[in-house]
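Asker: So I've got this file, my_file.pdb, and it contains PDB, C-alpha atoms:
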ATOM      1  CA  MET Z  13     122.425  67.205  95.823
ATOM      2  CA  ALA Z  14     125.053  68.384  98.264
ATOM      3  CA  ASP Z  15     125.890  66.524 101.465
ATOM      4  CA  ARG Z  16     123.687  67.343 104.431
ATOM      5  CA  PRO Z  17     125.444  69.829 106.751
ATOM      6  CA  LEU Z  18     125.997  68.480 110.263
ATOM      7  CA  LEU Z  19     123.946  71.199 111.952
ATOM      8  CA  ILE Z  20     120.997  70.510 109.620
ATOM      9  CA  THR Z  21     121.224  66.830 110.593
ATOM     10  CA  ILE Z  22     121.129  67.750 114.286
ATOM     11  CA  ILE Z  23     118.236  70.183 113.792
ATOM     12  CA  ALA Z  24     116.256  67.625 111.741
ATOM     13  CA  VAL Z  25     116.699  64.922 114.388
ATOM     14  CA  LEU Z  26     115.694  67.313 117.190
ATOM     15  CA  VAL Z  27     112.613  68.423 115.236
ATOM     16  CA  MET Z  28     111.610  64.792 114.645
ATOM     17  CA  ILE Z  29     112.058  63.998 118.345
ATOM     18  CA  LYS Z  30     109.878  67.002 119.201
ATOM     19  CA  GLY Z  31     107.289  65.762 116.705
ATOM     20  CA  LEU Z  32     107.233  62.303 118.293
ATOM     21  CA  ILE Z  33     106.910  63.739 121.790
ATOM     22  CA  THR Z  34     104.082  66.037 120.663
ATOM     23  CA  LEU Z  35     102.342  63.152 118.901
ATOM     24  CA  ILE Z  36     102.619  60.804 121.891
ATOM     25  CA  GLY Z  37     101.563  63.540 124.316
ATOM     26  CA  GLY Z  38      98.590  64.325 122.110
ATOM     27  CA  ALA Z  39      97.564  60.689 122.058
ATOM     28  CA  VAL Z  40      97.716  60.576 125.858
ATOM     29  CA  PHE Z  41      95.551  63.702 126.103
ATOM     30  CA  ALA Z  42      93.134  62.371 123.479
ATOM     31  CA  ILE Z  43      92.475  59.175 125.421
ATOM     32  CA  ALA Z  44      92.464  60.861 128.835
ATOM     33  CA  ASP Z  45      88.753  61.617 128.614
ATOM     34  CA  THR Z  46      87.794  58.216 127.205
ATOM     35  CA  VAL Z  47      88.689  56.116 130.242
ATOM     36  CA  PRO Z  48      85.769  54.802 132.337
ATOM     37  CA  ASP Z  49      84.282  57.123 134.977
ATOM     38  CA  GLY Z  50      86.130  57.124 138.242
ATOM     39  CA  TRP Z  51      89.425  55.970 136.765
ATOM     40  CA  LEU Z  52      90.651  59.412 135.837
ATOM     41  CA  ASP Z  53      88.174  61.943 137.156
ATOM     42  CA  VAL Z  54      89.912  65.279 136.717
ATOM     43  CA  GLY Z  55      86.969  67.259 135.382
ATOM     44  CA  LEU Z  56      88.711  68.335 132.200
ATOM     45  CA  SER Z  57      86.384  67.279 129.388
ATOM     46  CA  TRP Z  58      88.176  69.580 126.948
ATOM     47  CA  ILE Z  59      91.499  67.814 127.398
ATOM     48  CA  ASN Z  60      90.938  65.284 124.629
ATOM     49  CA  ASN Z  61      90.403  68.160 122.147
ATOM     50  CA  VAL Z  62      93.832  69.471 123.101
ATOM     51  CA  GLY Z  63      95.091  65.966 122.392
ATOM     52  CA  TYR Z  64      93.656  65.921 118.891
ATOM     53  CA  VAL Z  65      95.253  69.281 118.090
ATOM     54  CA  SER Z  66      98.561  67.993 119.494
ATOM     55  CA  ILE Z  67      98.344  64.863 117.341
ATOM     56  CA  ILE Z  68      97.899  66.984 114.218
ATOM     57  CA  SER Z  69     100.721  69.312 115.336
ATOM     58  CA  GLY Z  70     102.976  66.324 115.986
ATOM     59  CA  ILE Z  71     102.368  64.982 112.488
ATOM     60  CA  ILE Z  72     103.127  68.387 110.946
ATOM     61  CA  ILE Z  73     106.315  68.702 113.030
ATOM     62  CA  LEU Z  74     107.405  65.207 111.921
ATOM     63  CA  ILE Z  75     106.859  66.171 108.286
ATOM     64  CA  ILE Z  76     108.943  69.323 108.761
ATOM     65  CA  GLY Z  77     111.726  67.303 110.424
ATOM     66  CA  PHE Z  78     111.692  64.766 107.591
ATOM     67  CA  SER Z  79     111.756  67.533 104.984
ATOM     68  CA  LEU Z  80     114.766  69.096 106.720
ATOM     69  CA  TRP Z  81     116.467  65.691 106.708
ATOM     70  CA  GLU Z  82     115.772  65.219 103.008
ATOM     71  CA  GLY Z  83     116.738  68.785 102.074
ATOM     72  CA  TRP Z  84     113.436  69.820 100.552
ATOM     73  CA  THR Z  85     113.496  73.417  99.374
ATOM     74  CA  THR Z  86     110.150  74.118 101.061
ATOM     75  CA  ALA Z  87     111.703  73.220 104.422
ATOM     76  CA  TRP Z  88     114.256  76.007 103.977
ATOM     77  CA  TYR Z  89     111.504  78.528 103.275
ATOM     78  CA  ILE Z  90     109.297  77.282 106.127
ATOM     79  CA  GLY Z  91     112.251  77.521 108.513
ATOM     80  CA  LEU Z  92     113.106  81.017 107.348
ATOM     81  CA  ILE Z  93     109.509  82.235 107.668
ATOM     82  CA  TYR Z  94     109.125  80.666 111.103
ATOM     83  CA  LEU Z  95     112.375  82.188 112.360
ATOM     84  CA  CYS Z  96     111.537  85.651 111.011
ATOM     85  CA  VAL Z  97     108.094  85.609 112.638
ATOM     86  CA  SER Z  98     109.667  84.350 115.856
ATOM     87  CA  ALA Z  99     112.304  87.102 115.756
ATOM     88  CA  VAL Z 100     109.638  89.782 115.264
ATOM     89  CA  GLY Z 101     107.718  88.364 118.233
ATOM     90  CA  ASP Z 102     110.902  88.361 120.294
ATOM     91  CA  ILE Z 103     111.588  91.995 119.417
ATOM     92  CA  VAL Z 104     108.028  92.978 120.391
ATOM     93  CA  ASN Z 105     108.379  91.122 123.700
ATOM     94  CA  ILE Z 106     111.721  92.795 124.398
ATOM     95  CA  LEU Z 107     110.214  96.211 123.666
ATOM     96  CA  LEU Z 108     107.405  95.359 126.107
ATOM     97  CA  GLY Z 109     109.976  94.676 128.807
ATOM     98  CA  ASN Z 110     110.323  90.895 128.589
ATOM     99  CA  TYR Z 111     114.108  90.808 128.374
ATOM    100  CA  SER Z 112     114.219  87.023 128.686
ATOM    101  CA  GLU Z 113     113.461  86.883 124.953
ATOM    102  CA  VAL Z 114     116.928  88.215 124.096
ATOM    103  CA  LEU Z 115     118.381  84.695 123.989
ATOM    104  CA  SER Z 116     115.574  83.511 121.721
ATOM    105  CA  LEU Z 117     116.208  86.468 119.395
ATOM    106  CA  ILE Z 118     119.948  85.718 119.287
ATOM    107  CA  ILE Z 119     119.284  82.053 118.470
ATOM    108  CA  ALA Z 120     116.830  83.008 115.704
ATOM    109  CA  ALA Z 121     119.352  85.449 114.229
ATOM    110  CA  VAL Z 122     122.161  82.872 114.279
ATOM    111  CA  VAL Z 123     119.995  80.210 112.611
ATOM    112  CA  ILE Z 124     118.764  82.708 109.986
ATOM    113  CA  TYR Z 125     122.416  83.525 109.261
ATOM    114  CA  TYR Z 126     123.175  79.793 109.049
ATOM    115  CA  LEU Z 127     120.346  79.214 106.561
ATOM    116  CA  PHE Z 128     122.037  81.665 104.199
ATOM    117  CA  ARG Z 129     125.404  79.888 104.323
ATOM    118  CA  PRO Z 130     126.348  78.617 100.822
ATOM    119  CA  GLN Z 131     126.583  74.937 101.797
ATOM    120  CA  VAL Z 132     123.146  75.065 103.454
ATOM    121  CA  GLN Z 133     121.554  76.809 100.485
ATOM    122  CA  GLU Z 134     123.191  74.290  98.174
ATOM    123  CA  PHE Z 135     121.803  71.383 100.228
ATOM    124  CA  PHE Z 136     118.284  72.828 100.036
ATOM    125  CA  ASP Z 137     118.677  73.884  96.361
ATOM    126  CA  VAL Z 138     117.894  77.504  97.202
TER     127      VAL Z 138
END
Turn the structure described in the file into structure tokens.
Answerer:
Amino acid sequence: MADRPLLITIIAVLVMIKGLITLIGGAVFAIADTVPDGWLDVGLSWINNVGYVSIISGIIILIIGFSLWEGWTTAWYIGLIYLCVSAVGDIVNILLGNYSEVLSLIIAAVVIYYLFRPQVQEFFDV
């Protein structure tokens, strides 16, 4: 297996940090409705369900970050699919007048280009 490209290392670490933050935030939301009455009376009984979804999302994000770190081929494909869907959404938003999505579209395009670089494809065995 080829050496991990520096940018892939940075992306993997950032994804894992995002996964941890999502997981911890989900845990906080999940327990928010389980504290005794009067301690945290915000009237949001649905908030712990959001927490459970966030916990699951956090675990999935951590797995994706780890797979990027390890250079799993599926991570390359998942990243490419995600970026293409994101780019299509950005284009739709731009066409609807939300010009703030231009930066997001540029970033997606640059990362898609990067995924097709020979050293990146070699690292992911694509």
Asker: Tell me which residues the PyMOL selection byres ((chain Z and resi 91-101) around 9) grabs here, as a PyMOL selection string.
Answerer: chain Z and resi 76+80+86-90+102-106+113+116-118+120-121+123-124+127
Asker: What residues come out when you apply the PyMOL selection byres ((chain Z and resi 72) around 12) to this file, written as a ChimeraX atom specification?
Answerer: /Z:27-28,30-32,34-35,65-71,73-79,87,90
Asker: For the provided coordinates, the residues matched by the PyMOL selection byres ((chain Z and resi 19) around 12) should be stated as number ranges by chain.
Answerer: Z: 15-18, 20-26, 80-81, 123, 126-127, 129, 131-132, 135
Asker: Quick one: distance from atom CA of Z:Trp84 to atom CA of Z:Gly38 in Å, one decimal?
Answerer: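 According to the coordinates, atom CA of Z:Trp84 and atom CA of Z:Gly38 are separated by 26.7 Å.
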Asker: Which of these, Z:Tyr111, Z:Phe128, Z:Tyr64, Z:Phe136, has the shortest distance to Z:Ala42 once you count only C-alpha atoms?
Answerer: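 Closest residue, counting only C-alpha atoms: Z:Tyr64.
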Asker: Out of Z:Ala14, Z:Gly63, Z:Asn110, Z:Leu115, which residue has the shortest atom-to-atom distance to Z:Ile36 when counting all atoms listed in the file?
Answerer: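 Among the listed residues, the smallest separation from Z:Ile36 belongs to Z:Gly63.
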Asker: To one decimal place, how far is atom CA of Z:Pro130 from atom CA of Z:Glu82 in Å?
Answerer: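 If I compute the distance from atom CA of Z:Pro130 to atom CA of Z:Glu82, I get 17.2 Å.
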Asker: First collect every listed atom of stretch 95-109 of chain Z; then fit an axis-aligned box around them, widen it by 8 Å on each side, and give centre and edge lengths in Å to one decimal, as lines of an AutoDock Vina configuration file.
Answerer:
center_x = 109.9
center_y = 89.2
center_z = 119.9
size_x = 21.0
size_y = 30.0
size_z = 33.8
Asker: Report, in Å with one decimal, the straight-line distance from atom CA of Z:Ile119 to atom CA of Z:Asp137.
Answerer: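 Separation between atom CA of Z:Ile119 and atom CA of Z:Asp137: 23.6 Å.
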Asker: As a PDB file, in the coordinates of the input, could you write out stretch 92-111 of chain Z once it has been completed with N, CA and C atoms?
Answerer:
ATOM      1  N   LEU Z  92     112.807  79.587 107.403  1.00  0.00           N
ATOM      2  CA  LEU Z  92     113.106  81.017 107.348  1.00  0.00           C
ATOM      3  C   LEU Z  92     111.896  81.847 107.777  1.00  0.00           C
ATOM      4  N   ILE Z  93     110.727  81.505 107.290  1.00  0.00           N
ATOM      5  CA  ILE Z  93     109.509  82.235 107.668  1.00  0.00           C
ATOM      6  C   ILE Z  93     109.258  82.113 109.161  1.00  0.00           C
ATOM      7  N   TYR Z  94     109.356  80.881 109.676  1.00  0.00           N
ATOM      8  CA  TYR Z  94     109.125  80.666 111.103  1.00  0.00           C
ATOM      9  C   TYR Z  94     110.098  81.488 111.948  1.00  0.00           C
ATOM     10  N   LEU Z  95     111.360  81.469 111.582  1.00  0.00           N
ATOM     11  CA  LEU Z  95     112.375  82.188 112.360  1.00  0.00           C
ATOM     12  C   LEU Z  95     112.177  83.698 112.291  1.00  0.00           C
ATOM     13  N   CYS Z  96     111.782  84.200 111.137  1.00  0.00           N
ATOM     14  CA  CYS Z  96     111.537  85.651 111.011  1.00  0.00           C
ATOM     15  C   CYS Z  96     110.339  86.075 111.857  1.00  0.00           C
ATOM     16  N   VAL Z  97     109.269  85.300 111.813  1.00  0.00           N
ATOM     17  CA  VAL Z  97     108.094  85.609 112.638  1.00  0.00           C
ATOM     18  C   VAL Z  97     108.462  85.526 114.117  1.00  0.00           C
ATOM     19  N   SER Z  98     109.229  84.506 114.472  1.00  0.00           N
ATOM     20  CA  SER Z  98     109.667  84.350 115.856  1.00  0.00           C
ATOM     21  C   SER Z  98     110.531  85.535 116.292  1.00  0.00           C
ATOM     22  N   ALA Z  99     111.431  85.974 115.424  1.00  0.00           N
ATOM     23  CA  ALA Z  99     112.304  87.102 115.756  1.00  0.00           C
ATOM     24  C   ALA Z  99     111.489  88.378 115.956  1.00  0.00           C
ATOM     25  N   VAL Z 100     110.491  88.600 115.102  1.00  0.00           N
ATOM     26  CA  VAL Z 100     109.638  89.782 115.264  1.00  0.00           C
ATOM     27  C   VAL Z 100     108.904  89.712 116.599  1.00  0.00           C
ATOM     28  N   GLY Z 101     108.382  88.533 116.934  1.00  0.00           N
ATOM     29  CA  GLY Z 101     107.718  88.364 118.233  1.00  0.00           C
ATOM     30  C   GLY Z 101     108.666  88.610 119.392  1.00  0.00           C
ATOM     31  N   ASP Z 102     109.901  88.130 119.245  1.00  0.00           N
ATOM     32  CA  ASP Z 102     110.902  88.361 120.294  1.00  0.00           C
ATOM     33  C   ASP Z 102     111.191  89.845 120.466  1.00  0.00           C
ATOM     34  N   ILE Z 103     111.316  90.549 119.352  1.00  0.00           N
ATOM     35  CA  ILE Z 103     111.588  91.995 119.417  1.00  0.00           C
ATOM     36  C   ILE Z 103     110.429  92.717 120.103  1.00  0.00           C
ATOM     37  N   VAL Z 104     109.201  92.360 119.748  1.00  0.00           N
ATOM     38  CA  VAL Z 104     108.028  92.978 120.391  1.00  0.00           C
ATOM     39  C   VAL Z 104     108.052  92.705 121.891  1.00  0.00           C
ATOM     40  N   ASN Z 105     108.327  91.467 122.278  1.00  0.00           N
ATOM     41  CA  ASN Z 105     108.379  91.122 123.700  1.00  0.00           C
ATOM     42  C   ASN Z 105     109.484  91.883 124.424  1.00  0.00           C
ATOM     43  N   ILE Z 106     110.625  92.034 123.777  1.00  0.00           N
ATOM     44  CA  ILE Z 106     111.721  92.795 124.398  1.00  0.00           C
ATOM     45  C   ILE Z 106     111.314  94.244 124.586  1.00  0.00           C
ATOM     46  N   LEU Z 107     110.672  94.819 123.565  1.00  0.00           N
ATOM     47  CA  LEU Z 107     110.214  96.211 123.666  1.00  0.00           C
ATOM     48  C   LEU Z 107     109.154  96.385 124.755  1.00  0.00           C
ATOM     49  N   LEU Z 108     108.414  95.319 125.044  1.00  0.00           N
ATOM     50  CA  LEU Z 108     107.405  95.359 126.107  1.00  0.00           C
ATOM     51  C   LEU Z 108     108.000  95.058 127.480  1.00  0.00           C
ATOM     52  N   GLY Z 109     109.311  94.864 127.524  1.00  0.00           N
ATOM     53  CA  GLY Z 109     109.976  94.676 128.807  1.00  0.00           C
ATOM     54  C   GLY Z 109     110.303  93.244 129.175  1.00  0.00           C
ATOM     55  N   ASN Z 110     110.012  92.294 128.308  1.00  0.00           N
ATOM     56  CA  ASN Z 110     110.323  90.895 128.589  1.00  0.00           C
ATOM     57  C   ASN Z 110     111.719  90.587 128.043  1.00  0.00           C
ATOM     58  N   TYR Z 111     112.727  90.924 128.825  1.00  0.00           N
ATOM     59  CA  TYR Z 111     114.108  90.808 128.374  1.00  0.00           C
ATOM     60  C   TYR Z 111     114.607  89.362 128.306  1.00  0.00           C
TER      61      TYR Z 111
END
